[in-house]
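Structure, as structure tokens:
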Amino acid sequence: SRAAGSVVPCRSAVTGHRASCSHYTRDQSRETDSLSRLFGSVETTAKRVSVGPAHCSEALPSLTNSDIMFVKIHAPWDTLCKYAEQMNIRMPFRKKCYFTDWKKKTMGSRFQLRFRQLKSWLPRNPMKLDKEALPDLEETDCYTAPFSRARMHHFTINNRETFFSNSTRSRIVHHVLQRTKYEDGKSKMGINRLLGNSTYEAAFPPHEGSYKSRHPIKTHGAQNHRHLLYERWARWGIWYKYQPLDLIRRYFGEKIGLYFAWLGWYTGMLIPAALVGLFVFLYGLFTMDSSQVSKEICEANTTIMCPMCEGNCSSWTLSDSCVYAKVTHLFDNGGTVFFAIFMAIWATVFLEFWKRRRAELTYDWDLIDWEEEEEELRPQFEAKYSRKERVNPISGKPEPFQPFTDKLSRLMVSVSGIFFMISLVLTAVFAVVVFRLIAMEKFASFQWEFVKKNWQFATSGTGVCINFMIIMSLNVVYEKVAYLLTNLEHPRTESEWENSFALKMFLFQFVNLNSSTFYIAFFLGRFAGRPGDYNKLFNRWRMEECHPSGCLIDLCLQMGVIMVLKQIWNNFMELRKPKMLLQNWWSRRKMKRAGEQNNSKEQLPQWDRDWNLQPMNAHGLVDEYLEMVLQFGFTTIFVAAFPLAPLLALLNNIIEIRLDAYKFVSQWRRPMPARATDIGIWHGVLEGIGVVAVITNAFVIAITSDYIPRFVYAFKYGPCVDKGYRHEKLFHHLVFGIKTFIAHMIPDMPKDLCDRMRREKYLMQEMVYEAELEHLQKERKKNGKRYHHEWP
């Protein structure tokens with residue numbers, strides 16, 4: 001029988017004071033002495049509990065499952081202060097004096113009064129949250145400095161219970177448990193090792209309380225931060241509101257806070273892209289009947305076209321595809337080139353301004369001077385290479401070491417596996433191509449006149465649906481293969497494992513999603529041949545041709561169906577998995593029974609409630625970022641063929657933000673707070689997608705779209721092929737030049753922020769001197785000693 005556990009800020013049931021607790025479940029018949037050493041090593045002043053020789057642990061049975069035993073670890077004030085100093089945690093020092101304060105004094109009160117009057121007349125921004133709806137966060141209004149017990153009088157400690165935030169308490173306790181030995185031996189250290197060998201079932205910080213209340217939050221206020229987050233962030237009714245990023249960061253940590261900040265920034269930047277894309281689509285809709293190409297195709301009643309197959313297929317007139325030609329004009333019109341250029345510039349502006357936004361957040365969240373500390377080795381890495389050691393150049397301690405030859409051989413096997421899976425994707429694309437060729441002949445000779453007349457739509461539609469099913473099936477395989485290959489490499493730390501896994505998942509899914517799209521964009525109709533000399537696959541099926549109005553409508557249909565279906569499927573599966581439904585139902589049933597036995601559902605402790613929640617995805621935020629990055633690729637790479645892509649992405653992301661918020665607040669156990677200064681490897685992936693988007697859209701305009709041939713035809717300006725390639729090169733060089741210029745002109749950090757940082761350093765030196773001077777003068781006065789008015 002095993003039990004589960006966590007690292008949490010909670011109210012100690014033993015001492016009666018607020019403490020930072022760690023809840024871990026334990027195999028009751030295994031390694032008792034070793035575990036007691038681990039728990040007993042944390043310094044504490046709390047009341048002892050009789051659980052072996054442990055001095056800060058408390059064992060409690062689960063009220064919903066008799067096989068579960070929770071072990072709580074207490075970390076009181078002295079312990080928190082000690083390790084906050086060791087971990088160099090920055091804490092509130094003095095109230096901020098902004099750099100612009102001196103400017104306000106010189107601008108005059110008359111101007112300020114008029115500005116305030118004008119602002120009061122303007123309607124309130126409905127997207128902003130009311131200030132009274134959120135609690136005041138001390139650290140957002142104060143300068144911070146690395147915590148020091150020797151200079152504790154410098155810090156703003158109004159209340160010891162709230163000085164260290166809940167996420168900070170969890171980080172401190174987890175830091176201690178990660179670095180404590182539980183048995184004699186070099187590798188017998190840390191809670192991660194115990195989780196890896198299944199001594200413990202789980203570790204998680206319990207939530208602060210219930211996320212719902214019987215009383216309205218407007219009249220009775222929030223019960224806790226979790227309740228506040230649910231009411232002001234995770235509810236669907238406030239989908240149009242800005243996110244409370246400071247509160248998200250305070251509750252879940254900086255890493256998750258940065259994810260939601262990036263997701264919100266990306267969603268906001270999609271608004272202008274969606275509006276321009278919608279304008280291009282409406283332009284095509286209003287000019288559809290006046291298009292010269294559509295007119296000529298619709299009026300070509302006497303133009304006889306060759307049969308699409310041999311045998312039962314009959315010839316057809318060009319006017320039969322009138323509707324197809326008009327629909328093509330919706331997406332392939334005069335605004336296509338403009339929108340492609342706009343989106344290429346938009347991608348650059350999005351990334352450059354995100355750097356500025358990230359800089360502001362890292363400043364506000366005290367991450368400017370934070371450097372990622374040396375990570376713990378993964379238990380799997382230690383177990384594999386425990387016999388080979390070398391001295392760590394940073395810590396100076398011996399640690400397991402992976403030889404270069406072993407690392408290279410494993411990397412080669414992993415790369416081979418990646419290429420094998422990519423070849424599997426290409427095989428699947430070839431199978432879809434064969435299916436399209438077969439379907440084309442069948443639909444062209446169909447007995448039903450409606451299908452026979454619209455064989456192009458029938459072929460493209462069924463081909464896209466088959467391709468979508470293959471994509472979703474291969475995604476399941478890719479996740480397992482990526483997990484296997486990443487473990488085969490034996491990454492040294494968790495961040496290395498996460499980056500390696502994320503890169504593999506991106507490569508697999510990017511190729512899986514876009515390979516068929518690349519085929520339609522650049523290869524469909526290029527090998528059809530000519531009447532009397534058609535090229536055939538396996539000497540049996542005629543190669544597929546593009547419609548007389550162009551191939552862009554096939555590309556548009558491919559993108560539209562896959563993008564819509566994939567987003568609907570992802571949102572459905574995130575919360576509606578059969579396994580999750582069954583587990584949640586069973587958990588609620590057990591909790592209801594336990595509540596009936598205790599005469600009150602509220603008597604169930606929080607750790608029992610959280611144990612019955614679902615754990616966060618084992619891959620962390622990889623799946624969340626991956627979904628959005630792939631969507632960014634769809635929004636930018638082939639946007640010339642589908643101008644509605646940004647609008648669909650915007651609508652999806654509005655749902656995605658609240659869906660992810662709902663999961664984090666109500667459906668998942670509280671994840672371990674972690675610090676981060678950026679979105680990691682995903683920023684480089686986004687920049688790579690931006691470069692690919694420029695090249696791809698240039699070729700779509702030059703090869704797939706019929707914009708250039710129509711342009712040449714309309715103005716009678718030279719041969720189509722030569723001029724087409726000139727336009728492609730012009731587009732390529734023009735957009736790359738603009739992208740480079742924008743990236744160079746937009747600094748990564750706002751000038752105002754640079755000035756504030758420099759002024760803060762200056763003021764901090766003055767404040768430290770003044771605080772130390774004031775403290776020493778008080779001490780001398782208290783001791784009856786004379787002191788100078790300037791020097792202590």
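Convention: chains lettered A, B, ... in structure tokens order; per-chain residue numbering from 1; ligands numbered from 1 as shown.
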
Practice prompt. Please provide the set of residues having any atom within 8 Å of segment 640-650 of chain A, restricted to only C-alpha atoms, with same-chain residues fewer than 5 positions apart removed, written as a PyMOL selection string.
Written response: chain A and resi 267+270-271+273-275+277-278+280-281+331-332+336-337+339-340+552-553+555-556+559-560+563-564+631+634-635+697+700-701+705

Worksheet entry | Interatomic distance, atom CA of Glu389 of chain A to atom CA of Phe401 of chain A (Å, one decimal) |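 According to the coordinates, atom CA of Glu389 of chain A and atom CA of Phe401 of chain A are separated by 5.0 Å.
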
Discussion item. Between A:Leu485, A:Leu330, A:Val433, A:Met472, which residue has the minimum interatomic distance to Gln567 of chain A, considering only C-alpha atoms?
Written reply: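 The shortest atom-to-atom distance to Gln567 of chain A comes from A:Met472.
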
Practice prompt. Could you give me the residues within segment 387-594 of chain A that DSSP places in alpha helix (DSSP H), as a PyMOL selection string?
Written response: chain A and resi 404-444+449-453+455-489+494-522+552-575+578-594

Worksheet item: What is the atom CA of Lys739 of chain A to atom CA of Ile654 of chain A distance in Å?
Response: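 Those two atoms sit 27.8 Å apart.
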
Worksheet item: Between atom CA of Glu489 of chain A and atom CA of Asn392 of chain A, what is the spacing in Å?
Response: 20.3 Å
